[in-house]
file final_7.cif (mmCIF, C-alpha atoms and all ligand atoms)
data_work
#
loop_
_atom_site.group_PDB
_atom_site.id
_atom_site.type_symbol
_atom_site.label_atom_id
_atom_site.label_comp_id
_atom_site.auth_asym_id
_atom_site.auth_seq_id
_atom_site.Cartn_x
_atom_site.Cartn_y
_atom_site.Cartn_z
ATOM 1 C CA MET A 1 -8.552 -103.299 61.475
ATOM 2 C CA ILE A 2 -9.631 -100.634 63.971
ATOM 3 C CA LEU A 3 -13.239 -99.443 64.180
ATOM 4 C CA VAL A 4 -14.261 -96.352 66.167
ATOM 5 C CA THR A 5 -17.935 -96.043 67.138
ATOM 6 C CA GLY A 6 -19.676 -92.739 67.830
ATOM 7 C CA ALA A 7 -17.377 -91.234 65.236
ATOM 8 C CA THR A 8 -19.349 -88.036 64.639
ATOM 9 C CA GLY A 9 -19.691 -87.200 68.338
ATOM 10 C CA ALA A 10 -17.357 -84.629 69.890
ATOM 11 C CA LEU A 11 -14.867 -87.191 71.218
ATOM 12 C CA GLY A 12 -15.215 -89.448 68.167
ATOM 13 C CA THR A 13 -14.510 -86.545 65.806
ATOM 14 C CA LEU A 14 -11.274 -85.711 67.625
ATOM 15 C CA ILE A 15 -10.258 -89.375 67.535
ATOM 16 C CA ALA A 16 -11.137 -89.692 63.839
ATOM 17 C CA GLU A 17 -8.975 -86.645 63.041
ATOM 18 C CA ARG A 18 -6.027 -88.268 64.799
ATOM 19 C CA LEU A 19 -6.484 -91.581 62.940
ATOM 20 C CA ALA A 20 -7.210 -90.021 59.545
ATOM 21 C CA ASP A 21 -3.914 -91.045 57.918
ATOM 22 C CA ARG A 22 -4.153 -94.715 58.830
ATOM 23 C CA ASP A 23 -5.129 -97.298 56.241
ATOM 24 C CA ASP A 24 -6.375 -99.835 58.814
ATOM 25 C CA THR A 25 -9.137 -97.749 60.390
ATOM 26 C CA VAL A 26 -12.864 -97.367 59.729
ATOM 27 C CA LEU A 27 -15.409 -95.139 61.428
ATOM 28 C CA GLY A 28 -18.736 -96.299 62.835
ATOM 29 C CA THR A 29 -21.640 -93.893 63.085
ATOM 30 C CA ARG A 30 -25.410 -93.666 62.951
ATOM 31 C CA ALA A 31 -24.930 -91.129 60.149
ATOM 32 C CA PRO A 32 -22.824 -93.009 57.581
ATOM 33 C CA GLN A 33 -23.967 -90.814 54.697
ATOM 34 C CA GLN A 34 -21.777 -87.897 55.832
ATOM 35 C CA PRO A 35 -18.485 -87.895 53.877
ATOM 36 C CA ARG A 36 -15.360 -88.597 55.976
ATOM 37 C CA ARG A 37 -11.667 -89.005 55.269
ATOM 38 C CA LEU A 38 -11.813 -92.607 56.465
ATOM 39 C CA PRO A 39 -14.213 -95.357 55.314
ATOM 40 C CA VAL A 40 -17.509 -95.296 57.201
ATOM 41 C CA ARG A 41 -19.812 -98.060 58.396
ATOM 42 C CA HIS A 42 -23.357 -97.773 59.727
ATOM 43 C CA ILE A 43 -23.222 -98.550 63.471
ATOM 44 C CA ASP A 44 -26.244 -97.995 65.696
ATOM 45 C CA PHE A 45 -26.368 -99.847 69.014
ATOM 46 C CA ASP A 46 -30.153 -99.360 68.987
ATOM 47 C CA GLU A 47 -30.269 -101.341 65.733
ATOM 48 C CA PRO A 48 -28.290 -104.517 66.463
ATOM 49 C CA GLY A 49 -28.739 -105.526 62.809
ATOM 50 C CA THR A 50 -26.151 -102.887 61.881
ATOM 51 C CA LEU A 51 -23.566 -104.404 64.228
ATOM 52 C CA SER A 52 -22.998 -107.881 62.782
ATOM 53 C CA LYS A 53 -22.034 -106.423 59.409
ATOM 54 C CA GLY A 54 -20.459 -103.339 60.925
ATOM 55 C CA PHE A 55 -18.014 -105.280 63.106
ATOM 56 C CA GLU A 56 -16.948 -107.715 60.351
ATOM 57 C CA GLY A 57 -13.147 -107.996 60.137
ATOM 58 C CA VAL A 58 -12.560 -105.702 63.121
ATOM 59 C CA ASP A 59 -9.592 -106.555 65.342
ATOM 60 C CA VAL A 60 -9.764 -103.583 67.728
ATOM 61 C CA LEU A 61 -13.063 -101.899 68.539
ATOM 62 C CA LEU A 62 -12.971 -98.472 70.192
ATOM 63 C CA LEU A 63 -16.399 -98.478 71.832
ATOM 64 C CA ILE A 64 -17.331 -94.902 72.657
ATOM 65 C CA SER A 65 -20.079 -94.948 75.243
ATOM 66 C CA ALA A 66 -23.531 -93.892 74.048
ATOM 67 C CA GLY A 67 -24.531 -92.536 77.391
ATOM 68 C CA TYR A 68 -27.534 -90.350 76.737
ATOM 69 C CA GLY A 69 -30.600 -92.139 78.065
ATOM 70 C CA GLU A 70 -32.014 -93.983 81.031
ATOM 71 C CA ASP A 71 -29.797 -96.723 82.474
ATOM 72 C CA ASP A 72 -31.750 -99.549 80.816
ATOM 73 C CA THR A 73 -31.414 -97.866 77.422
ATOM 74 C CA VAL A 74 -27.660 -97.410 77.753
ATOM 75 C CA ILE A 75 -27.127 -100.921 79.127
ATOM 76 C CA ALA A 76 -29.090 -102.372 76.196
ATOM 77 C CA ARG A 77 -26.938 -100.376 73.744
ATOM 78 C CA HIS A 78 -23.622 -101.374 75.243
ATOM 79 C CA GLY A 79 -24.778 -104.963 75.766
ATOM 80 C CA ALA A 80 -25.753 -105.205 72.091
ATOM 81 C CA ALA A 81 -22.360 -103.823 71.068
ATOM 82 C CA VAL A 82 -20.391 -106.287 73.227
ATOM 83 C CA ASP A 83 -22.578 -109.236 72.138
ATOM 84 C CA ALA A 84 -22.022 -108.331 68.485
ATOM 85 C CA ALA A 85 -18.282 -107.843 68.979
ATOM 86 C CA GLU A 86 -18.007 -111.329 70.481
ATOM 87 C CA LYS A 87 -19.985 -112.861 67.634
ATOM 88 C CA ALA A 88 -17.944 -111.032 64.985
ATOM 89 C CA GLY A 89 -14.653 -112.264 66.445
ATOM 90 C CA VAL A 90 -13.364 -108.850 67.538
ATOM 91 C CA GLY A 91 -10.110 -109.385 69.426
ATOM 92 C CA HIS A 92 -9.956 -106.334 71.686
ATOM 93 C CA VAL A 93 -12.472 -103.755 72.879
ATOM 94 C CA VAL A 94 -11.335 -100.376 74.198
ATOM 95 C CA TYR A 95 -14.185 -98.764 76.144
ATOM 96 C CA THR A 96 -14.566 -95.120 77.187
ATOM 97 C CA SER A 97 -15.873 -95.376 80.742
ATOM 98 C CA LEU A 98 -16.150 -92.997 83.681
ATOM 99 C CA THR A 99 -13.587 -92.078 86.345
ATOM 100 C CA ALA A 100 -13.761 -94.086 89.565
ATOM 101 C CA ALA A 101 -14.558 -90.828 91.351
ATOM 102 C CA GLY A 102 -17.757 -90.749 89.301
ATOM 103 C CA ASP A 103 -19.409 -93.590 91.206
ATOM 104 C CA HIS A 104 -21.601 -90.948 92.843
ATOM 105 C CA LEU A 105 -22.871 -89.735 89.480
ATOM 106 C CA PRO A 106 -26.358 -90.705 88.288
ATOM 107 C CA TYR A 107 -24.969 -92.121 85.018
ATOM 108 C CA ALA A 108 -22.215 -94.279 86.580
ATOM 109 C CA LEU A 109 -24.174 -97.532 86.641
ATOM 110 C CA PRO A 110 -24.245 -98.310 82.886
ATOM 111 C CA HIS A 111 -20.493 -97.639 82.743
ATOM 112 C CA ARG A 112 -19.799 -100.078 85.558
ATOM 113 C CA TRP A 113 -22.198 -102.588 83.980
ATOM 114 C CA THR A 114 -20.296 -102.346 80.678
ATOM 115 C CA GLU A 115 -16.927 -102.706 82.409
ATOM 116 C CA ARG A 116 -18.154 -105.861 84.139
ATOM 117 C CA ARG A 117 -19.620 -107.241 80.882
ATOM 118 C CA LEU A 118 -16.297 -106.694 79.112
ATOM 119 C CA GLN A 119 -14.310 -108.293 81.910
ATOM 120 C CA GLU A 120 -16.478 -111.402 81.544
ATOM 121 C CA THR A 121 -15.689 -111.837 77.845
ATOM 122 C CA ALA A 122 -12.945 -113.898 76.277
ATOM 123 C CA MET A 123 -11.980 -110.815 74.244
ATOM 124 C CA ASN A 124 -9.198 -108.560 75.362
ATOM 125 C CA TRP A 125 -10.340 -105.237 76.748
ATOM 126 C CA THR A 126 -9.007 -101.912 77.983
ATOM 127 C CA ILE A 127 -11.092 -99.558 80.084
ATOM 128 C CA LEU A 128 -10.488 -95.822 79.853
ATOM 129 C CA ARG A 129 -12.044 -94.308 82.961
ATOM 130 C CA ASN A 130 -12.456 -90.806 81.565
ATOM 131 C CA GLY A 131 -12.743 -87.855 83.897
ATOM 132 C CA LEU A 132 -15.368 -85.221 83.305
ATOM 133 C CA TYR A 133 -14.613 -82.926 80.384
ATOM 134 C CA ALA A 134 -13.384 -79.415 81.118
ATOM 135 C CA GLU A 135 -15.693 -78.392 78.282
ATOM 136 C CA LEU A 136 -18.632 -79.865 80.228
ATOM 137 C CA LEU A 137 -17.704 -77.815 83.295
ATOM 138 C CA GLY A 138 -17.352 -74.731 81.108
ATOM 139 C CA GLY A 139 -20.904 -75.338 79.882
ATOM 140 C CA LEU A 140 -22.352 -76.000 83.347
ATOM 141 C CA ALA A 141 -20.704 -72.861 84.708
ATOM 142 C CA ALA A 142 -21.000 -70.518 81.749
ATOM 143 C CA PRO A 143 -21.448 -66.874 82.732
ATOM 144 C CA THR A 144 -24.761 -65.161 82.078
ATOM 145 C CA ALA A 145 -24.907 -62.046 79.915
ATOM 146 C CA ASP A 146 -24.687 -59.907 83.065
ATOM 147 C CA GLY A 147 -21.485 -61.641 84.161
ATOM 148 C CA ARG A 148 -22.676 -64.147 86.784
ATOM 149 C CA ILE A 149 -21.757 -67.811 87.110
ATOM 150 C CA THR A 150 -24.598 -69.388 89.066
ATOM 151 C CA ALA A 151 -23.901 -73.153 88.887
ATOM 152 C CA PRO A 152 -24.593 -75.091 92.127
ATOM 153 C CA LEU A 153 -20.975 -76.134 92.619
ATOM 154 C CA GLY A 154 -20.572 -74.614 96.073
ATOM 155 C CA GLY A 155 -16.872 -74.536 96.861
ATOM 156 C CA GLY A 156 -16.329 -77.828 95.045
ATOM 157 C CA ARG A 157 -13.748 -78.403 92.354
ATOM 158 C CA LEU A 158 -13.477 -80.831 89.431
ATOM 159 C CA ALA A 159 -10.313 -82.578 88.212
ATOM 160 C CA ALA A 160 -11.455 -81.636 84.736
ATOM 161 C CA VAL A 161 -9.766 -82.991 81.643
ATOM 162 C CA ALA A 162 -9.621 -81.573 78.122
ATOM 163 C CA ARG A 163 -11.573 -83.741 75.685
ATOM 164 C CA ALA A 164 -8.628 -83.527 73.293
ATOM 165 C CA ASP A 165 -6.375 -85.199 75.880
ATOM 166 C CA LEU A 166 -8.864 -88.045 76.238
ATOM 167 C CA ALA A 167 -8.850 -88.383 72.438
ATOM 168 C CA ASP A 168 -5.044 -88.560 72.433
ATOM 169 C CA ALA A 169 -5.072 -91.188 75.179
ATOM 170 C CA ALA A 170 -7.746 -93.248 73.397
ATOM 171 C CA VAL A 171 -5.778 -93.147 70.144
ATOM 172 C CA ARG A 172 -2.613 -94.296 71.845
ATOM 173 C CA VAL A 173 -4.327 -97.208 73.568
ATOM 174 C CA THR A 174 -6.311 -98.240 70.496
ATOM 175 C CA THR A 175 -3.337 -98.215 68.152
ATOM 176 C CA GLU A 176 -1.146 -100.099 70.655
ATOM 177 C CA ALA A 177 -3.949 -102.279 71.992
ATOM 178 C CA PRO A 178 -2.004 -105.447 72.881
ATOM 179 C CA ALA A 179 0.253 -103.445 75.207
ATOM 180 C CA HIS A 180 -2.820 -102.231 77.124
ATOM 181 C CA ALA A 181 -4.791 -105.478 77.356
ATOM 182 C CA ARG A 182 -6.749 -105.942 80.598
ATOM 183 C CA ARG A 183 -5.731 -102.543 81.939
ATOM 184 C CA ILE A 184 -7.988 -99.950 83.550
ATOM 185 C CA TYR A 185 -6.719 -96.379 83.171
ATOM 186 C CA GLU A 186 -7.835 -93.508 85.384
ATOM 187 C CA LEU A 187 -7.836 -90.405 83.179
ATOM 188 C CA VAL A 188 -8.603 -87.349 85.282
ATOM 189 C CA GLY A 189 -6.949 -83.940 85.048
ATOM 190 C CA GLU A 190 -4.062 -82.632 87.092
ATOM 191 C CA GLN A 191 -5.755 -79.384 88.086
ATOM 192 C CA ALA A 192 -9.027 -79.223 90.047
ATOM 193 C CA ILE A 193 -11.122 -76.188 89.110
ATOM 194 C CA GLY A 194 -14.350 -74.738 90.472
ATOM 195 C CA GLY A 195 -16.745 -71.872 89.979
ATOM 196 C CA ALA A 196 -14.495 -69.232 91.538
ATOM 197 C CA ASP A 197 -11.533 -70.309 89.372
ATOM 198 C CA LEU A 198 -13.669 -70.075 86.248
ATOM 199 C CA ALA A 199 -14.982 -66.641 87.214
ATOM 200 C CA ARG A 200 -11.457 -65.364 87.930
ATOM 201 C CA THR A 201 -10.236 -66.582 84.559
ATOM 202 C CA HIS A 202 -13.066 -64.764 82.766
ATOM 203 C CA GLY A 203 -11.926 -61.497 84.364
ATOM 204 C CA PRO A 204 -13.085 -59.021 87.029
ATOM 205 C CA HIS A 205 -16.487 -58.448 85.373
ATOM 206 C CA VAL A 206 -17.564 -62.060 86.136
ATOM 207 C CA THR A 207 -18.573 -63.207 89.621
ATOM 208 C CA TYR A 208 -19.361 -66.640 91.005
ATOM 209 C CA GLU A 209 -22.683 -66.738 92.873
ATOM 210 C CA PRO A 210 -23.483 -70.420 93.487
ATOM 211 C CA GLU A 211 -27.146 -71.360 93.387
ATOM 212 C CA THR A 212 -28.738 -74.225 95.329
ATOM 213 C CA LEU A 213 -29.364 -77.657 93.826
ATOM 214 C CA ALA A 214 -33.116 -77.009 94.050
ATOM 215 C CA GLN A 215 -32.721 -73.804 92.057
ATOM 216 C CA ALA A 216 -30.602 -75.599 89.480
ATOM 217 C CA ARG A 217 -33.087 -78.487 89.195
ATOM 218 C CA ALA A 218 -35.939 -76.044 88.549
ATOM 219 C CA ARG A 219 -33.861 -74.140 85.988
ATOM 220 C CA VAL A 220 -32.817 -77.303 84.105
ATOM 221 C CA ALA A 221 -36.380 -78.672 84.169
ATOM 222 C CA ALA A 222 -37.693 -75.395 82.723
ATOM 223 C CA SER A 223 -35.094 -75.476 79.939
ATOM 224 C CA GLY A 224 -36.870 -78.320 78.134
ATOM 225 C CA ALA A 225 -34.334 -80.975 79.148
ATOM 226 C CA GLU A 226 -35.342 -84.628 78.813
ATOM 227 C CA PRO A 227 -36.407 -86.186 82.168
ATOM 228 C CA PHE A 228 -33.240 -88.330 82.359
ATOM 229 C CA GLN A 229 -31.036 -85.284 81.784
ATOM 230 C CA ILE A 230 -32.216 -83.441 84.889
ATOM 231 C CA PRO A 231 -30.622 -85.800 87.452
ATOM 232 C CA MET A 232 -27.579 -86.107 85.189
ATOM 233 C CA LEU A 233 -26.869 -82.387 85.270
ATOM 234 C CA VAL A 234 -27.912 -81.749 88.862
ATOM 235 C CA GLY A 235 -26.161 -84.904 90.098
ATOM 236 C CA THR A 236 -22.931 -83.880 88.370
ATOM 237 C CA CYS A 237 -22.973 -80.535 90.148
ATOM 238 C CA SER A 238 -23.904 -82.175 93.440
ATOM 239 C CA ALA A 239 -20.958 -84.596 93.266
ATOM 240 C CA ILE A 240 -18.575 -81.731 92.476
ATOM 241 C CA ALA A 241 -20.014 -79.558 95.257
ATOM 242 C CA ALA A 242 -19.701 -82.405 97.770
ATOM 243 C CA GLY A 243 -16.014 -82.768 96.934
ATOM 244 C CA PHE A 244 -16.102 -86.179 95.247
ATOM 245 C CA MET A 245 -14.660 -85.100 91.902
ATOM 246 C CA SER A 246 -11.549 -83.162 92.829
ATOM 247 C CA ARG A 247 -8.945 -85.897 93.115
ATOM 248 C CA THR A 248 -6.180 -85.285 90.564
ATOM 249 C CA GLY A 249 -3.479 -87.574 89.264
ATOM 250 C CA GLY A 250 -3.980 -90.964 87.639
ATOM 251 C CA ASP A 251 -2.657 -92.303 84.356
ATOM 252 C CA LEU A 252 -3.270 -89.430 81.951
ATOM 253 C CA ARG A 253 0.248 -87.981 81.881
ATOM 254 C CA GLN A 254 1.788 -91.420 81.434
ATOM 255 C CA LEU A 255 -0.500 -92.292 78.498
ATOM 256 C CA LEU A 256 0.004 -88.899 76.873
ATOM 257 C CA GLY A 257 3.763 -88.894 77.406
ATOM 258 C CA ARG A 258 3.508 -85.180 78.212
ATOM 259 C CA ALA A 259 1.704 -82.794 80.541
ATOM 260 C CA PRO A 260 -2.074 -82.602 80.046
ATOM 261 C CA ARG A 261 -3.577 -79.533 78.389
ATOM 262 C CA SER A 262 -4.835 -76.739 80.656
ATOM 263 C CA ALA A 263 -8.325 -77.605 81.888
ATOM 264 C CA LEU A 264 -9.155 -73.924 82.355
ATOM 265 C CA ALA A 265 -8.230 -73.150 78.741
ATOM 266 C CA ALA A 266 -10.264 -76.146 77.523
ATOM 267 C CA ALA A 267 -13.280 -75.059 79.591
ATOM 268 C CA PHE A 268 -13.447 -71.851 77.564
ATOM 269 C CA ALA A 269 -12.735 -73.393 74.149
HETATM 270 N N1 LIG B 301 -16.440 -87.500 80.419
HETATM 271 C C1 LIG B 301 -17.398 -86.604 80.241
HETATM 272 O O1 LIG B 301 -17.341 -85.455 80.746
HETATM 273 C C2 LIG B 301 -18.567 -86.924 79.386
HETATM 274 C C3 LIG B 301 -19.503 -85.930 79.135
HETATM 275 C C4 LIG B 301 -20.576 -86.230 78.334
HETATM 276 C C5 LIG B 301 -20.703 -87.501 77.804
HETATM 277 N N2 LIG B 301 -19.769 -88.434 78.061
HETATM 278 C C6 LIG B 301 -19.875 -89.802 77.529
HETATM 279 O O2 LIG B 301 -18.839 -89.951 76.568
HETATM 280 C C7 LIG B 301 -19.410 -90.226 75.268
HETATM 281 C C8 LIG B 301 -18.622 -89.492 74.215
HETATM 282 O O3 LIG B 301 -18.638 -88.108 74.540
HETATM 283 P P1 LIG B 301 -18.861 -87.033 73.406
HETATM 284 O O4 LIG B 301 -18.377 -85.761 73.953
HETATM 285 O O5 LIG B 301 -18.322 -87.508 72.095
HETATM 286 O O6 LIG B 301 -20.459 -87.030 73.327
HETATM 287 P P2 LIG B 301 -21.345 -86.613 72.066
HETATM 288 O O7 LIG B 301 -20.708 -85.525 71.286
HETATM 289 O O8 LIG B 301 -22.715 -86.379 72.558
HETATM 290 O O9 LIG B 301 -21.328 -87.911 71.156
HETATM 291 C C9 LIG B 301 -21.952 -89.067 71.580
HETATM 292 C C10 LIG B 301 -21.988 -89.994 70.381
HETATM 293 O O10 LIG B 301 -22.424 -91.276 70.825
HETATM 294 C C11 LIG B 301 -22.877 -91.945 69.661
HETATM 295 N N3 LIG B 301 -24.133 -92.640 69.929
HETATM 296 C C12 LIG B 301 -25.246 -92.160 70.506
HETATM 297 N N4 LIG B 301 -26.223 -93.073 70.453
HETATM 298 C C13 LIG B 301 -25.706 -94.147 69.824
HETATM 299 C C14 LIG B 301 -26.212 -95.396 69.452
HETATM 300 N N5 LIG B 301 -27.479 -95.746 69.679
HETATM 301 N N6 LIG B 301 -25.393 -96.263 68.795
HETATM 302 C C15 LIG B 301 -24.112 -95.933 68.528
HETATM 303 N N7 LIG B 301 -23.566 -94.754 68.845
HETATM 304 C C16 LIG B 301 -24.365 -93.876 69.493
HETATM 305 C C17 LIG B 301 -23.175 -90.914 68.594
HETATM 306 O O11 LIG B 301 -22.257 -91.021 67.521
HETATM 307 P P3 LIG B 301 -22.796 -91.014 65.990
HETATM 308 O O12 LIG B 301 -23.742 -89.852 65.924
HETATM 309 O O13 LIG B 301 -21.563 -90.844 65.179
HETATM 310 O O14 LIG B 301 -23.486 -92.311 65.780
HETATM 311 C C18 LIG B 301 -22.996 -89.607 69.331
HETATM 312 O O15 LIG B 301 -22.577 -88.587 68.489
HETATM 313 C C19 LIG B 301 -20.875 -89.806 75.397
HETATM 314 O O16 LIG B 301 -21.689 -90.558 74.505
HETATM 315 C C20 LIG B 301 -21.171 -90.099 76.834
HETATM 316 O O17 LIG B 301 -21.474 -91.465 77.032
HETATM 317 C C21 LIG B 301 -18.688 -88.178 78.809
#
call {"tool": "encode", "arguments": {"input": "final_7.cif", "output": "structure tokens"}}
result
Amino acid sequence: MILVTGATGALGTLIAERLADRDDTVLGTRAPQQPRRLPVRHIDFDEPGTLSKGFEGVDVLLLISAGYGEDDTVIARHGAAVDAAEKAGVGHVVYTSLTAAGDHLPYALPHRWTERRLQETAMNWTILRNGLYAELLGGLAAPTADGRITAPLGGGRLAAVARADLADAAVRVTTEAPAHARRIYELVGEQAIGGADLARTHGPHVTYEPETLAQARARVAASGAEPFQIPMLVGTCSAIAAGFMSRTGGDLRQLLGRAPRSALAAAFA
């Protein structure tokens, strides 16, 4: 049996749609009362009591990272999930991690911690080092009503990847898990895009006028963001601006068996 955690999140929803016709798959979510096409189990990494029952009979666990929080919060969540998977006799954990290029990002540490924890288990594992979503870049660099993109990306570009491609890759690996045991896949896009590319694609009425990181930090702080979200958002832009996120290539095309979707199109979806 396959179990997918985080099933009502954006990535989990795409994955659940792709697995909807299977009779060996259940969805795990903190909101099990919502009707779904597949059977649903209550899974909340913050409530380890849900995990022992939730992981019963599971052969392959697709562990979607629950990355919103301080590092200690996220490590506790992922640690509880891996502990419970071991105890329940899960055979293989597929984990949605972060691209190697993301080591400069403020939220990299819990991903690397989880990778290490998995590699220490007797279970089989596969690590999907997901690149940053094109949709995330589209949100960070959305034009204002007067047609200005003001994200602090400088001249930096991101090897952005459509979330739907990461869902396709995760489904392939999860449904063919034994063939991917003990593999780490680097899943970044094939096209690096930045603020000027986004502005050009919007049309001549949109211009790219990069702001400074200090300006962005003040803007995000004033938006009511949680304290942990401010370095997340600013740090993401900083890493892109400094040129750490632009490397293309990796394993995406091979796992998809086709060309990746257009990152620019996904950024506007
Ligand atoms: N590569 C990127 O660009 C990027 C960008 C943002 C985030 N991420 C990471 O990738 C993950 C999936 O992305 P996404 O787009 O699907 O994010 P999302 O739409 O925010 O969904 C995240 C899901 O994580 C699950 N979750 C949160 N707290 C949990 C907990 N305590 N126990 C169990 N599950 C929990 C929730 O699923 P339920 O509500 O169904 O329980 C939530 O909907 C994120 O959680 C984050 O770690 C990656």
call {"tool": "closest_residue", "arguments": {"input": "final_7.cif", "among": "A:Gly89, A:Pro204, A:Pro32, A:Pro260", "to": "Val58 of chain A", "atoms": "all atoms listed in the file"}}
result
A:Gly89
call {"tool": "residues_near_ligand", "arguments": {"input": "final_7.cif", "ligand": "ligand LIG 301 (chain B)", "cutoff": "7 Å", "atoms": "all atoms listed in the file", "output": "list in words"}}
result
Thr5, Gly6, Ala7, Thr8, Gly9, Ala10, Leu11, Gly12, Gly28, Thr29, Arg30, Ala31, Ile43, Asp44, Phe45, Asp46, Ile64, Ser65, Ala66, Gly67, Tyr68, Arg77, Thr96, Leu98, Asn130, Gly131, Leu132, Tyr133 and Leu136 of chain A
call {"tool": "residues_around", "arguments": {"input": "final_7.cif", "residues": "Ile149 of chain A", "least_positions_apart": "6", "cutoff": "10 Å", "atoms": "all atoms listed in the file", "output": "PyMOL selection string"}}
result
chain A and resi 140-143+195-196+198-199+206-211
call {"tool": "closest_residue", "arguments": {"input": "final_7.cif", "among": "A:Ala179, A:Val234, A:Ala160, A:Leu63", "to": "Thr114 of chain A", "atoms": "all atoms listed in the file"}}
result
A:Leu63
call {"tool": "residues_around", "arguments": {"input": "final_7.cif", "residues": "Gly154 of chain A", "least_positions_apart": "2", "cutoff": "6 Å", "atoms": "all atoms listed in the file", "output": "PyMOL selection string"}}
result
chain A and resi 152+156+210+241
call {"tool": "atom_distance", "arguments": {"input": "final_7.cif", "atom1": "atom CA of Leu255 of chain A", "atom2": "atom CA of Ala169 of chain A"}}
result
5.8 Å
call {"tool": "atom_distance", "arguments": {"input": "final_7.cif", "atom1": "atom CA of Ser52 of chain A", "atom2": "atom CA of Tyr185 of chain A"}}
result
28.5 Å
call {"tool": "residues_around", "arguments": {"input": "final_7.cif", "residues": "Thr248 of chain A", "least_positions_apart": "4", "cutoff": "7 Å", "atoms": "all atoms listed in the file", "output": "number ranges by chain"}}
result
A: 159, 188-192
call {"tool": "atom_distance", "arguments": {"input": "final_7.cif", "atom1": "atom CA of Asp251 of chain A", "atom2": "atom CA of Leu62 of chain A"}}
result
18.6 Å
call {"tool": "resolve_selection", "arguments": {"input": "final_7.cif", "expression": "the PyMOL selection byres (((chain A and resi 55) around 10) and not hetatm)", "output": "list of chain:residue names"}}
result
A:Met1, A:Ile2, A:Leu3, A:Gly28, A:Arg41, A:His42, A:Ile43, A:Thr50, A:Leu51, A:Ser52, A:Lys53, A:Gly54, A:Glu56, A:Gly57, A:Val58, A:Asp59, A:Val60, A:Leu61, A:Ala81, A:Ala84, A:Ala85, A:Glu86, A:Lys87, A:Ala88, A:Gly89, A:Val90
call {"tool": "resolve_selection", "arguments": {"input": "final_7.cif", "expression": "the PyMOL selection byres (((chain A and resi 113) around 12) and not hetatm)", "output": "ChimeraX atom specification"}}
result
/A:65,71-72,74-79,82,95,97-98,103,107-112,114-120
call {"tool": "write_last_selection", "arguments": {"input": "final_7.cif", "atoms": "C-alpha atoms", "output": "tab-separated table (two decimals), in the frame of the given file"}}
result
chain	number	residue	atom	x	y	z
A	65	SER	CA	-20.08	-94.95	75.24
A	71	ASP	CA	-29.80	-96.72	82.47
A	72	ASP	CA	-31.75	-99.55	80.82
A	74	VAL	CA	-27.66	-97.41	77.75
A	75	ILE	CA	-27.13	-100.92	79.13
A	76	ALA	CA	-29.09	-102.37	76.20
A	77	ARG	CA	-26.94	-100.38	73.74
A	78	HIS	CA	-23.62	-101.37	75.24
A	79	GLY	CA	-24.78	-104.96	75.77
A	82	VAL	CA	-20.39	-106.29	73.23
A	95	TYR	CA	-14.18	-98.76	76.14
A	97	SER	CA	-15.87	-95.38	80.74
A	98	LEU	CA	-16.15	-93.00	83.68
A	103	ASP	CA	-19.41	-93.59	91.21
A	107	TYR	CA	-24.97	-92.12	85.02
A	108	ALA	CA	-22.22	-94.28	86.58
A	109	LEU	CA	-24.17	-97.53	86.64
A	110	PRO	CA	-24.24	-98.31	82.89
A	111	HIS	CA	-20.49	-97.64	82.74
A	112	ARG	CA	-19.80	-100.08	85.56
A	114	THR	CA	-20.30	-102.35	80.68
A	115	GLU	CA	-16.93	-102.71	82.41
A	116	ARG	CA	-18.15	-105.86	84.14
A	117	ARG	CA	-19.62	-107.24	80.88
A	118	LEU	CA	-16.30	-106.69	79.11
A	119	GLN	CA	-14.31	-108.29	81.91
A	120	GLU	CA	-16.48	-111.40	81.54
call {"tool": "closest_residue", "arguments": {"input": "final_7.cif", "among": "A:Arg183, A:Arg18, A:Arg157, A:Arg148", "to": "Leu128 of chain A", "atoms": "all atoms listed in the file"}}
result
A:Arg183
call {"tool": "closest_residue", "arguments": {"input": "final_7.cif", "among": "A:Asp146, A:Asp21, A:Asp165, A:Glu47", "to": "His205 of chain A", "atoms": "all atoms listed in the file"}}
result
A:Asp146
call {"tool": "closest_residue", "arguments": {"input": "final_7.cif", "among": "A:Thr126, A:Pro106, A:Ala214, A:Gly138", "to": "Arg163 of chain A", "atoms": "all atoms listed in the file"}}
result
A:Gly138
call {"tool": "residues_around", "arguments": {"input": "final_7.cif", "residues": "Leu213 of chain A", "least_positions_apart": "2", "cutoff": "9 Å", "atoms": "all atoms listed in the file", "output": "PDB file with C-alpha atoms, in the coordinates of the input"}}
result
ATOM      1  CA  ALA A 151     -23.901 -73.153  88.887  1.00  0.00           C
ATOM      2  CA  PRO A 152     -24.593 -75.091  92.127  1.00  0.00           C
ATOM      3  CA  LEU A 153     -20.975 -76.134  92.619  1.00  0.00           C
ATOM      4  CA  GLU A 211     -27.146 -71.360  93.387  1.00  0.00           C
ATOM      5  CA  GLN A 215     -32.721 -73.804  92.057  1.00  0.00           C
ATOM      6  CA  ALA A 216     -30.602 -75.599  89.480  1.00  0.00           C
ATOM      7  CA  ARG A 217     -33.087 -78.487  89.195  1.00  0.00           C
ATOM      8  CA  ALA A 218     -35.939 -76.044  88.549  1.00  0.00           C
ATOM      9  CA  VAL A 234     -27.912 -81.749  88.862  1.00  0.00           C
ATOM     10  CA  GLY A 235     -26.161 -84.904  90.098  1.00  0.00           C
ATOM     11  CA  CYS A 237     -22.973 -80.535  90.148  1.00  0.00           C
ATOM     12  CA  SER A 238     -23.904 -82.175  93.440  1.00  0.00           C
TER      13      SER A 238
END
call {"tool": "resolve_selection", "arguments": {"input": "final_7.cif", "expression": "the PyMOL selection byres (((chain A and resi 101) around 9) and not hetatm)", "output": "list in words"}}
result
Leu98, Thr99, Ala100, Gly102, Asp103, His104, Leu105, Gly131, Phe244, Met245, Ser246 and Arg247 of chain A
